[in-house]
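Chemist: The structure's right below; bear with me while I get my questions together.
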Amino acid sequence: DGFTPLEYGPAWAPDGEWVAFTTVDEHNRGHVWKVRSGGGGAPERLTVRAGEYANPVWSLDGESLVVVRGAGATARGLQMNYNGWYDLVRVPASGGEAELITRTRPTGHLGLVRPSFGPDGRIYFYEPGLAPDGRSVTELSSVRRDGTDRRSHVQFRFAHDARMSPDGRWVAIQ
């Protein structure tokens with residue numbers, strides 16, 4: 001009761017005890033929050049600075065979240081999917097400053113990035129790419145948790161979303 005921002009993008013913690021989510025308010029800025037999954041207690045704000053946050057995902061150990069942060073399109077009166085780039089940031093599960101992991105530049109039909117964790121804790125995300133023949137494709141890329149060792153794993157001609165399975169054996173696409 002009394003929680004006023006619009007809530008969206010829920011994500012279960014690995015232990016099932018918490019649900020993280022993002023918010024947006026009347027000024028088109030928001031935060032990353034968590035709340036006990038049983039409904040007990042008030043939501044706890046995790047981010048220090050307001051921003052365009054979306055699509056949180058918990059790390060496999062539950063110690064942090066990776067969240068998409070937009071470049072500020074909503075501050076210019078546009079929708080979040082009009083950002084020229086997105087940052088993937090790490091937010092401690094106990095709260096604190098968002099730390100930049102990597103930047104990606106989804107455009108057009110790709111919409112917002114949806115990060116996921118795969119084998120060895122790598123962070124997977126999709127982004128626009130080019131096939132060897134110059135056609136536009138969706139690439140499934142990944143980085144280590146510190147943002148290094150960026151790799152492109154597979155390309156799809158007409159995919160809107162691509163995610164690696166936690167064991168690394170499968171890729172789901174939409």
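In the structure tokens, chains take letters A, B, ... by order of appearance, with residues numbered from 1 within each chain and ligands from 1 in the order shown.
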Near range 132-135 of chain A, within 12 Å and counting only C-alpha atoms, which residues show up once chain neighbours fewer than 5 positions away are dropped, as a ChimeraX atom specification?

Modeler: /A:155-158

Chemist: May I have the residues from that selection written out with N, CA, C and O atoms, as an mmCIF file, in the first residue's frame?

Modeler:
data_model
loop_
_atom_site.group_PDB
_atom_site.id
_atom_site.type_symbol
_atom_site.label_atom_id
_atom_site.label_comp_id
_atom_site.auth_asym_id
_atom_site.auth_seq_id
_atom_site.Cartn_x
_atom_site.Cartn_y
_atom_site.Cartn_z
ATOM 1 N N GLN A 155 24.412 -16.052 -34.913
ATOM 2 C CA GLN A 155 23.635 -15.001 -35.567
ATOM 3 C C GLN A 155 22.330 -15.589 -36.091
ATOM 4 O O GLN A 155 22.296 -16.735 -36.553
ATOM 5 N N PHE A 156 21.275 -14.778 -36.031
ATOM 6 C CA PHE A 156 19.959 -15.155 -36.536
ATOM 7 C C PHE A 156 19.455 -14.054 -37.447
ATOM 8 O O PHE A 156 19.563 -12.876 -37.122
ATOM 9 N N ARG A 157 18.873 -14.423 -38.551
ATOM 10 C CA ARG A 157 18.402 -13.433 -39.521
ATOM 11 C C ARG A 157 17.155 -12.699 -39.049
ATOM 12 O O ARG A 157 17.051 -11.502 -39.208
ATOM 13 N N PHE A 158 16.190 -13.386 -38.469
ATOM 14 C CA PHE A 158 14.915 -12.737 -38.131
ATOM 15 C C PHE A 158 14.543 -12.904 -36.660
ATOM 16 O O PHE A 158 13.378 -13.017 -36.333
#

Chemist: Which residues in range 99-133 of chain A does DSSP call strand (DSSP E)? List them as a list of chain:residue names.

Modeler: A:Glu99, A:Leu100, A:Ile101, A:Thr102, A:Arg103, A:Thr104, A:Ser116, A:Phe117, A:Ile123, A:Tyr124, A:Phe125, A:Tyr126, A:Glu127, A:Pro128, A:Gly129, A:Leu130

Chemist: Write the selection just made, keeping N, CA, C and O atoms, as an mmCIF file, in the first residue's frame?

Modeler:
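Below is the file result-v4.cif, written as the result:
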data_model
loop_
_atom_site.group_PDB
_atom_site.id
_atom_site.type_symbol
_atom_site.label_atom_id
_atom_site.label_comp_id
_atom_site.auth_asym_id
_atom_site.auth_seq_id
_atom_site.Cartn_x
_atom_site.Cartn_y
_atom_site.Cartn_z
ATOM 1 N N GLU A 99 27.230 -0.397 -11.480
ATOM 2 C CA GLU A 99 28.558 -0.459 -12.086
ATOM 3 C C GLU A 99 28.429 -0.921 -13.540
ATOM 4 O O GLU A 99 27.817 -1.962 -13.813
ATOM 5 N N LEU A 100 29.010 -0.162 -14.455
ATOM 6 C CA LEU A 100 28.936 -0.495 -15.870
ATOM 7 C C LEU A 100 29.660 -1.812 -16.157
ATOM 8 O O LEU A 100 30.799 -1.998 -15.752
ATOM 9 N N ILE A 101 28.980 -2.702 -16.882
ATOM 10 C CA ILE A 101 29.582 -3.947 -17.351
ATOM 11 C C ILE A 101 29.965 -3.784 -18.811
ATOM 12 O O ILE A 101 31.098 -3.998 -19.201
ATOM 13 N N THR A 102 28.992 -3.420 -19.645
ATOM 14 C CA THR A 102 29.241 -3.229 -21.074
ATOM 15 C C THR A 102 28.129 -2.375 -21.660
ATOM 16 O O THR A 102 27.089 -2.184 -21.036
ATOM 17 N N ARG A 103 28.342 -1.903 -22.850
ATOM 18 C CA ARG A 103 27.360 -1.100 -23.581
ATOM 19 C C ARG A 103 27.012 -1.836 -24.865
ATOM 20 O O ARG A 103 27.869 -2.422 -25.513
ATOM 21 N N THR A 104 25.744 -1.794 -25.219
ATOM 22 C CA THR A 104 25.296 -2.400 -26.471
ATOM 23 C C THR A 104 24.357 -1.434 -27.173
ATOM 24 O O THR A 104 23.884 -0.482 -26.572
ATOM 25 N N SER A 116 20.884 -12.419 -19.766
ATOM 26 C CA SER A 116 20.702 -13.677 -19.055
ATOM 27 C C SER A 116 22.088 -14.213 -18.709
ATOM 28 O O SER A 116 23.090 -13.793 -19.276
ATOM 29 N N PHE A 117 22.123 -15.134 -17.766
ATOM 30 C CA PHE A 117 23.378 -15.763 -17.382
ATOM 31 C C PHE A 117 23.471 -17.132 -18.025
ATOM 32 O O PHE A 117 22.489 -17.853 -18.137
ATOM 33 N N ILE A 123 27.571 -13.299 -19.058
ATOM 34 C CA ILE A 123 26.334 -12.560 -19.262
ATOM 35 C C ILE A 123 26.053 -12.528 -20.759
ATOM 36 O O ILE A 123 26.862 -12.041 -21.541
ATOM 37 N N TYR A 124 24.893 -13.051 -21.141
ATOM 38 C CA TYR A 124 24.490 -13.124 -22.545
ATOM 39 C C TYR A 124 23.462 -12.041 -22.847
ATOM 40 O O TYR A 124 22.626 -11.714 -22.004
ATOM 41 N N PHE A 125 23.512 -11.517 -24.061
ATOM 42 C CA PHE A 125 22.564 -10.494 -24.506
ATOM 43 C C PHE A 125 22.561 -10.487 -26.024
ATOM 44 O O PHE A 125 23.499 -10.927 -26.666
ATOM 45 N N TYR A 126 21.475 -9.996 -26.602
ATOM 46 C CA TYR A 126 21.412 -9.915 -28.054
ATOM 47 C C TYR A 126 21.612 -8.473 -28.488
ATOM 48 O O TYR A 126 21.335 -7.533 -27.753
ATOM 49 N N GLU A 127 22.140 -8.325 -29.686
ATOM 50 C CA GLU A 127 22.412 -7.008 -30.231
ATOM 51 C C GLU A 127 22.434 -7.093 -31.754
ATOM 52 O O GLU A 127 22.541 -8.185 -32.310
ATOM 53 N N PRO A 128 22.336 -5.970 -32.434
ATOM 54 C CA PRO A 128 22.371 -6.014 -33.899
ATOM 55 C C PRO A 128 23.767 -6.346 -34.392
ATOM 56 O O PRO A 128 24.766 -6.021 -33.759
ATOM 57 N N GLY A 129 23.822 -7.025 -35.513
ATOM 58 C CA GLY A 129 25.091 -7.368 -36.122
ATOM 59 C C GLY A 129 24.948 -7.437 -37.625
ATOM 60 O O GLY A 129 23.870 -7.179 -38.178
ATOM 61 N N LEU A 130 26.030 -7.788 -38.285
ATOM 62 C CA LEU A 130 26.035 -7.937 -39.739
ATOM 63 C C LEU A 130 26.541 -9.327 -40.098
ATOM 64 O O LEU A 130 27.552 -9.782 -39.581
#

Chemist: If you count only C-alpha atoms, which residues fall within 6 Å of Val32 in chain A, apart from same-chain ones fewer than 4 positions away, as a PyMOL selection string?

Modeler: chain A and resi 21-22+46-47

Chemist: Suppose we keep all heavy atoms; can you now write the selection as a PDB file, in the first residue's frame?

Modeler:
ATOM      1  N   PHE A  21      12.550  -5.940  -9.205  1.00  0.00           N
ATOM      2  CA  PHE A  21      11.730  -5.334 -10.248  1.00  0.00           C
ATOM      3  C   PHE A  21      12.231  -3.920 -10.499  1.00  0.00           C
ATOM      4  O   PHE A  21      13.030  -3.375  -9.731  1.00  0.00           O
ATOM      5  CB  PHE A  21      10.243  -5.340  -9.882  1.00  0.00           C
ATOM      6  CG  PHE A  21       9.899  -4.574  -8.620  1.00  0.00           C
ATOM      7  CD1 PHE A  21       9.465  -3.256  -8.675  1.00  0.00           C
ATOM      8  CD2 PHE A  21      10.000  -5.189  -7.384  1.00  0.00           C
ATOM      9  CE1 PHE A  21       9.132  -2.560  -7.520  1.00  0.00           C
ATOM     10  CE2 PHE A  21       9.680  -4.502  -6.213  1.00  0.00           C
ATOM     11  CZ  PHE A  21       9.243  -3.185  -6.289  1.00  0.00           C
ATOM     12  N   THR A  22      11.791  -3.347 -11.586  1.00  0.00           N
ATOM     13  CA  THR A  22      12.138  -1.972 -11.915  1.00  0.00           C
ATOM     14  C   THR A  22      10.873  -1.122 -11.855  1.00  0.00           C
ATOM     15  O   THR A  22       9.754  -1.642 -11.887  1.00  0.00           O
ATOM     16  CB  THR A  22      12.775  -1.873 -13.313  1.00  0.00           C
ATOM     17  OG1 THR A  22      11.901  -2.468 -14.264  1.00  0.00           O
ATOM     18  CG2 THR A  22      14.121  -2.584 -13.353  1.00  0.00           C
ATOM     19  N   LEU A  46      17.303  -0.531  -4.492  1.00  0.00           N
ATOM     20  CA  LEU A  46      18.675  -0.993  -4.637  1.00  0.00           C
ATOM     21  C   LEU A  46      19.575   0.013  -5.331  1.00  0.00           C
ATOM     22  O   LEU A  46      20.775   0.040  -5.067  1.00  0.00           O
ATOM     23  CB  LEU A  46      18.710  -2.315  -5.412  1.00  0.00           C
ATOM     24  CG  LEU A  46      17.913  -3.464  -4.790  1.00  0.00           C
ATOM     25  CD1 LEU A  46      18.025  -4.710  -5.660  1.00  0.00           C
ATOM     26  CD2 LEU A  46      18.366  -3.739  -3.370  1.00  0.00           C
ATOM     27  N   THR A  47      19.040   0.822  -6.231  1.00  0.00           N
ATOM     28  CA  THR A  47      19.860   1.774  -6.974  1.00  0.00           C
ATOM     29  C   THR A  47      19.942   3.104  -6.246  1.00  0.00           C
ATOM     30  O   THR A  47      19.001   3.525  -5.583  1.00  0.00           O
ATOM     31  CB  THR A  47      19.302   2.000  -8.393  1.00  0.00           C
ATOM     32  OG1 THR A  47      17.889   2.210  -8.311  1.00  0.00           O
ATOM     33  CG2 THR A  47      19.602   0.819  -9.292  1.00  0.00           C
TER      34      THR A  47
END

Chemist: Among range 54-139 of chain A, which ones does DSSP place in helix (DSSP H, G or I), written as a list in words?

Modeler: Ala73, Thr74, Ala75, Arg76, Met80, Asn81, Tyr82, Gly108, His109, Leu110, Pro119, Asp120 and Gly121 of chain A

Chemist: The selected residues should be written to file as a PDB file, in the first residue's frame (atoms: N, CA and C atoms).

Modeler:
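Written output follows (result.pdb):
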ATOM      1  N   ALA A  73      16.381   8.402 -23.262  1.00  0.00           N
ATOM      2  CA  ALA A  73      15.362   8.783 -24.255  1.00  0.00           C
ATOM      3  C   ALA A  73      14.102   9.324 -23.600  1.00  0.00           C
ATOM      4  N   THR A  74      13.704   8.762 -22.467  1.00  0.00           N
ATOM      5  CA  THR A  74      12.468   9.215 -21.835  1.00  0.00           C
ATOM      6  C   THR A  74      12.590  10.648 -21.319  1.00  0.00           C
ATOM      7  N   ALA A  75      13.790  11.080 -20.992  1.00  0.00           N
ATOM      8  CA  ALA A  75      13.993  12.469 -20.563  1.00  0.00           C
ATOM      9  C   ALA A  75      13.802  13.442 -21.728  1.00  0.00           C
ATOM     10  N   ARG A  76      13.846  12.911 -22.947  1.00  0.00           N
ATOM     11  CA  ARG A  76      13.632  13.727 -24.149  1.00  0.00           C
ATOM     12  C   ARG A  76      12.240  13.526 -24.725  1.00  0.00           C
ATOM     13  N   MET A  80      11.433   4.377 -24.098  1.00  0.00           N
ATOM     14  CA  MET A  80      12.742   3.814 -23.769  1.00  0.00           C
ATOM     15  C   MET A  80      13.368   3.052 -24.933  1.00  0.00           C
ATOM     16  N   ASN A  81      12.557   2.451 -25.790  1.00  0.00           N
ATOM     17  CA  ASN A  81      13.118   1.684 -26.896  1.00  0.00           C
ATOM     18  C   ASN A  81      13.727   2.567 -27.985  1.00  0.00           C
ATOM     19  N   TYR A  82      13.700   3.891 -27.830  1.00  0.00           N
ATOM     20  CA  TYR A  82      14.338   4.807 -28.772  1.00  0.00           C
ATOM     21  C   TYR A  82      15.751   5.214 -28.344  1.00  0.00           C
ATOM     22  N   GLY A 108      15.887  -0.528 -33.664  1.00  0.00           N
ATOM     23  CA  GLY A 108      14.735  -0.994 -34.429  1.00  0.00           C
ATOM     24  C   GLY A 108      13.975  -2.117 -33.766  1.00  0.00           C
ATOM     25  N   HIS A 109      13.826  -3.225 -34.490  1.00  0.00           N
ATOM     26  CA  HIS A 109      12.975  -4.325 -34.050  1.00  0.00           C
ATOM     27  C   HIS A 109      13.491  -5.030 -32.802  1.00  0.00           C
ATOM     28  N   LEU A 110      14.735  -4.806 -32.404  1.00  0.00           N
ATOM     29  CA  LEU A 110      15.277  -5.517 -31.246  1.00  0.00           C
ATOM     30  C   LEU A 110      14.722  -5.016 -29.926  1.00  0.00           C
ATOM     31  N   PRO A 119      26.719 -20.405 -18.975  1.00  0.00           N
ATOM     32  CA  PRO A 119      27.792 -21.166 -18.351  1.00  0.00           C
ATOM     33  C   PRO A 119      28.902 -20.265 -17.807  1.00  0.00           C
ATOM     34  N   ASP A 120      29.491 -20.687 -16.723  1.00  0.00           N
ATOM     35  CA  ASP A 120      30.612 -19.977 -16.102  1.00  0.00           C
ATOM     36  C   ASP A 120      30.270 -18.539 -15.730  1.00  0.00           C
ATOM     37  N   GLY A 121      28.976 -18.241 -15.551  1.00  0.00           N
ATOM     38  CA  GLY A 121      28.574 -16.908 -15.117  1.00  0.00           C
ATOM     39  C   GLY A 121      28.664 -15.833 -16.181  1.00  0.00           C
TER      40      GLY A 121
END

Chemist: Considering only C-alpha atoms, return as an MDAnalysis selection string whatever protein or nucleic-acid residues lie within 12 Å of Val89 in chain A, sequence-local ones (same chain, fewer than 3 positions apart) excluded.

Modeler: chainID A and resid 32 47 51:59 64:70 86 92 96:104 113 115 123 145:147

Chemist: Find the spatial neighbours of Val143 in chain A, counting only C-alpha atoms, within a cut-off of 7 Å - ignore same-chain residues fewer than 5 positions away - and output them as a PDB file with all heavy atoms, in the first residue's frame.

Modeler:
ATOM      1  N   ARG A 122      28.889 -16.208 -17.444  1.00  0.00           N
ATOM      2  CA  ARG A 122      28.933 -15.215 -18.525  1.00  0.00           C
ATOM      3  C   ARG A 122      27.565 -14.567 -18.660  1.00  0.00           C
ATOM      4  O   ARG A 122      26.536 -15.200 -18.436  1.00  0.00           O
ATOM      5  CB  ARG A 122      29.352 -15.847 -19.843  1.00  0.00           C
ATOM      6  CG  ARG A 122      30.823 -16.270 -19.866  1.00  0.00           C
ATOM      7  CD  ARG A 122      31.242 -16.740 -21.249  1.00  0.00           C
ATOM      8  NE  ARG A 122      31.328 -15.653 -22.204  1.00  0.00           N
ATOM      9  CZ  ARG A 122      32.408 -14.874 -22.365  1.00  0.00           C
ATOM     10  NH1 ARG A 122      33.490 -15.061 -21.637  1.00  0.00           N
ATOM     11  NH2 ARG A 122      32.409 -13.907 -23.257  1.00  0.00           N
ATOM     12  N   ILE A 123      27.571 -13.299 -19.058  1.00  0.00           N
ATOM     13  CA  ILE A 123      26.334 -12.560 -19.262  1.00  0.00           C
ATOM     14  C   ILE A 123      26.053 -12.528 -20.759  1.00  0.00           C
ATOM     15  O   ILE A 123      26.862 -12.041 -21.541  1.00  0.00           O
ATOM     16  CB  ILE A 123      26.462 -11.130 -18.702  1.00  0.00           C
ATOM     17  CG1 ILE A 123      26.780 -11.183 -17.204  1.00  0.00           C
ATOM     18  CG2 ILE A 123      25.188 -10.335 -18.983  1.00  0.00           C
ATOM     19  CD1 ILE A 123      27.290  -9.888 -16.640  1.00  0.00           C
ATOM     20  N   TYR A 124      24.893 -13.051 -21.141  1.00  0.00           N
ATOM     21  CA  TYR A 124      24.490 -13.124 -22.545  1.00  0.00           C
ATOM     22  C   TYR A 124      23.462 -12.041 -22.847  1.00  0.00           C
ATOM     23  O   TYR A 124      22.626 -11.714 -22.004  1.00  0.00           O
ATOM     24  CB  TYR A 124      23.901 -14.503 -22.855  1.00  0.00           C
ATOM     25  CG  TYR A 124      24.952 -15.571 -22.923  1.00  0.00           C
ATOM     26  CD1 TYR A 124      25.500 -16.117 -21.772  1.00  0.00           C
ATOM     27  CD2 TYR A 124      25.421 -16.020 -24.149  1.00  0.00           C
ATOM     28  CE1 TYR A 124      26.482 -17.081 -21.832  1.00  0.00           C
ATOM     29  CE2 TYR A 124      26.408 -16.988 -24.223  1.00  0.00           C
ATOM     30  CZ  TYR A 124      26.930 -17.514 -23.061  1.00  0.00           C
ATOM     31  OH  TYR A 124      27.913 -18.460 -23.127  1.00  0.00           O
ATOM     32  N   THR A 148      34.701  -7.950 -19.781  1.00  0.00           N
ATOM     33  CA  THR A 148      35.768  -8.260 -20.719  1.00  0.00           C
ATOM     34  C   THR A 148      35.409  -9.494 -21.546  1.00  0.00           C
ATOM     35  O   THR A 148      34.411 -10.166 -21.286  1.00  0.00           O
ATOM     36  CB  THR A 148      37.098  -8.521 -19.978  1.00  0.00           C
ATOM     37  OG1 THR A 148      36.929  -9.664 -19.119  1.00  0.00           O
ATOM     38  CG2 THR A 148      37.513  -7.298 -19.170  1.00  0.00           C
ATOM     39  N   ASP A 149      36.265  -9.792 -22.532  1.00  0.00           N
ATOM     40  CA  ASP A 149      36.162 -10.998 -23.350  1.00  0.00           C
ATOM     41  C   ASP A 149      34.813 -11.081 -24.081  1.00  0.00           C
ATOM     42  O   ASP A 149      34.129 -12.086 -24.042  1.00  0.00           O
ATOM     43  CB  ASP A 149      36.394 -12.249 -22.491  1.00  0.00           C
ATOM     44  CG  ASP A 149      36.572 -13.503 -23.332  1.00  0.00           C
ATOM     45  OD1 ASP A 149      37.076 -13.399 -24.470  1.00  0.00           O
ATOM     46  OD2 ASP A 149      36.188 -14.585 -22.850  1.00  0.00           O
ATOM     47  N   ARG A 150      34.447  -9.991 -24.776  1.00  0.00           N
ATOM     48  CA  ARG A 150      33.193  -9.967 -25.534  1.00  0.00           C
ATOM     49  C   ARG A 150      33.268 -10.968 -26.681  1.00  0.00           C
ATOM     50  O   ARG A 150      34.244 -10.993 -27.423  1.00  0.00           O
ATOM     51  CB  ARG A 150      32.945  -8.561 -26.071  1.00  0.00           C
ATOM     52  CG  ARG A 150      31.560  -8.374 -26.651  1.00  0.00           C
ATOM     53  CD  ARG A 150      31.424  -6.944 -27.189  1.00  0.00           C
ATOM     54  NE  ARG A 150      30.060  -6.579 -27.382  1.00  0.00           N
ATOM     55  CZ  ARG A 150      29.412  -5.649 -26.692  1.00  0.00           C
ATOM     56  NH1 ARG A 150      30.042  -4.985 -25.735  1.00  0.00           N
ATOM     57  NH2 ARG A 150      28.167  -5.378 -26.951  1.00  0.00           N
ATOM     58  N   ARG A 151      32.232 -11.790 -26.803  1.00  0.00           N
ATOM     59  CA  ARG A 151      32.178 -12.808 -27.849  1.00  0.00           C
ATOM     60  C   ARG A 151      30.825 -12.785 -28.543  1.00  0.00           C
ATOM     61  O   ARG A 151      29.799 -12.556 -27.907  1.00  0.00           O
ATOM     62  CB  ARG A 151      32.353 -14.207 -27.249  1.00  0.00           C
ATOM     63  CG  ARG A 151      33.664 -14.449 -26.594  1.00  0.00           C
ATOM     64  CD  ARG A 151      33.721 -15.847 -26.035  1.00  0.00           C
ATOM     65  NE  ARG A 151      34.933 -16.042 -25.256  1.00  0.00           N
ATOM     66  CZ  ARG A 151      35.172 -17.118 -24.538  1.00  0.00           C
ATOM     67  NH1 ARG A 151      34.271 -18.085 -24.483  1.00  0.00           N
ATOM     68  NH2 ARG A 151      36.284 -17.238 -23.862  1.00  0.00           N
TER      69      ARG A 151
END

Chemist: Can you tell me, as a ChimeraX atom specification, what residues are no more than 9 Å from Leu6 in chain A when counting only C-alpha atoms, ignoring any on the same chain fewer than 2 positions away?

Modeler: /A:3-4,8,22-26,30

Chemist: Just write the chosen residues, N, CA, C and O atoms, as a compact mmCIF listing (two decimals), in the first residue's frame.

Modeler:
# COMPACT_ATOMS: atom_id res chain seq x y z
N PHE A 3 2.77 2.38 -2.35
CA PHE A 3 3.90 2.36 -3.28
C PHE A 3 3.40 2.91 -4.60
O PHE A 3 2.54 2.33 -5.25
N THR A 4 3.93 4.07 -5.02
CA THR A 4 3.33 4.78 -6.15
C THR A 4 3.97 4.58 -7.52
O THR A 4 3.29 4.72 -8.51
N TYR A 8 7.43 -2.94 -12.97
CA TYR A 8 7.47 -3.88 -14.10
C TYR A 8 8.78 -4.66 -14.09
O TYR A 8 9.70 -4.33 -13.36
N THR A 22 11.79 -3.35 -11.59
CA THR A 22 12.14 -1.97 -11.91
C THR A 22 10.87 -1.12 -11.86
O THR A 22 9.75 -1.64 -11.89
N THR A 23 11.09 0.18 -11.74
CA THR A 23 9.95 1.10 -11.69
C THR A 23 10.17 2.28 -12.62
O THR A 23 11.29 2.54 -13.08
N VAL A 24 9.10 2.96 -12.89
CA VAL A 24 9.14 4.24 -13.59
C VAL A 24 8.11 5.14 -12.91
O VAL A 24 7.07 4.67 -12.46
N ASP A 25 8.43 6.43 -12.79
CA ASP A 25 7.51 7.35 -12.14
C ASP A 25 7.02 8.40 -13.14
O ASP A 25 7.29 8.31 -14.33
N GLU A 26 6.30 9.40 -12.64
CA GLU A 26 5.71 10.41 -13.52
C GLU A 26 6.76 11.25 -14.25
O GLU A 26 6.44 11.94 -15.20
N GLY A 30 13.32 5.94 -12.93
CA GLY A 30 12.97 4.85 -12.04
C GLY A 30 14.15 4.31 -11.30
O GLY A 30 15.26 4.86 -11.35
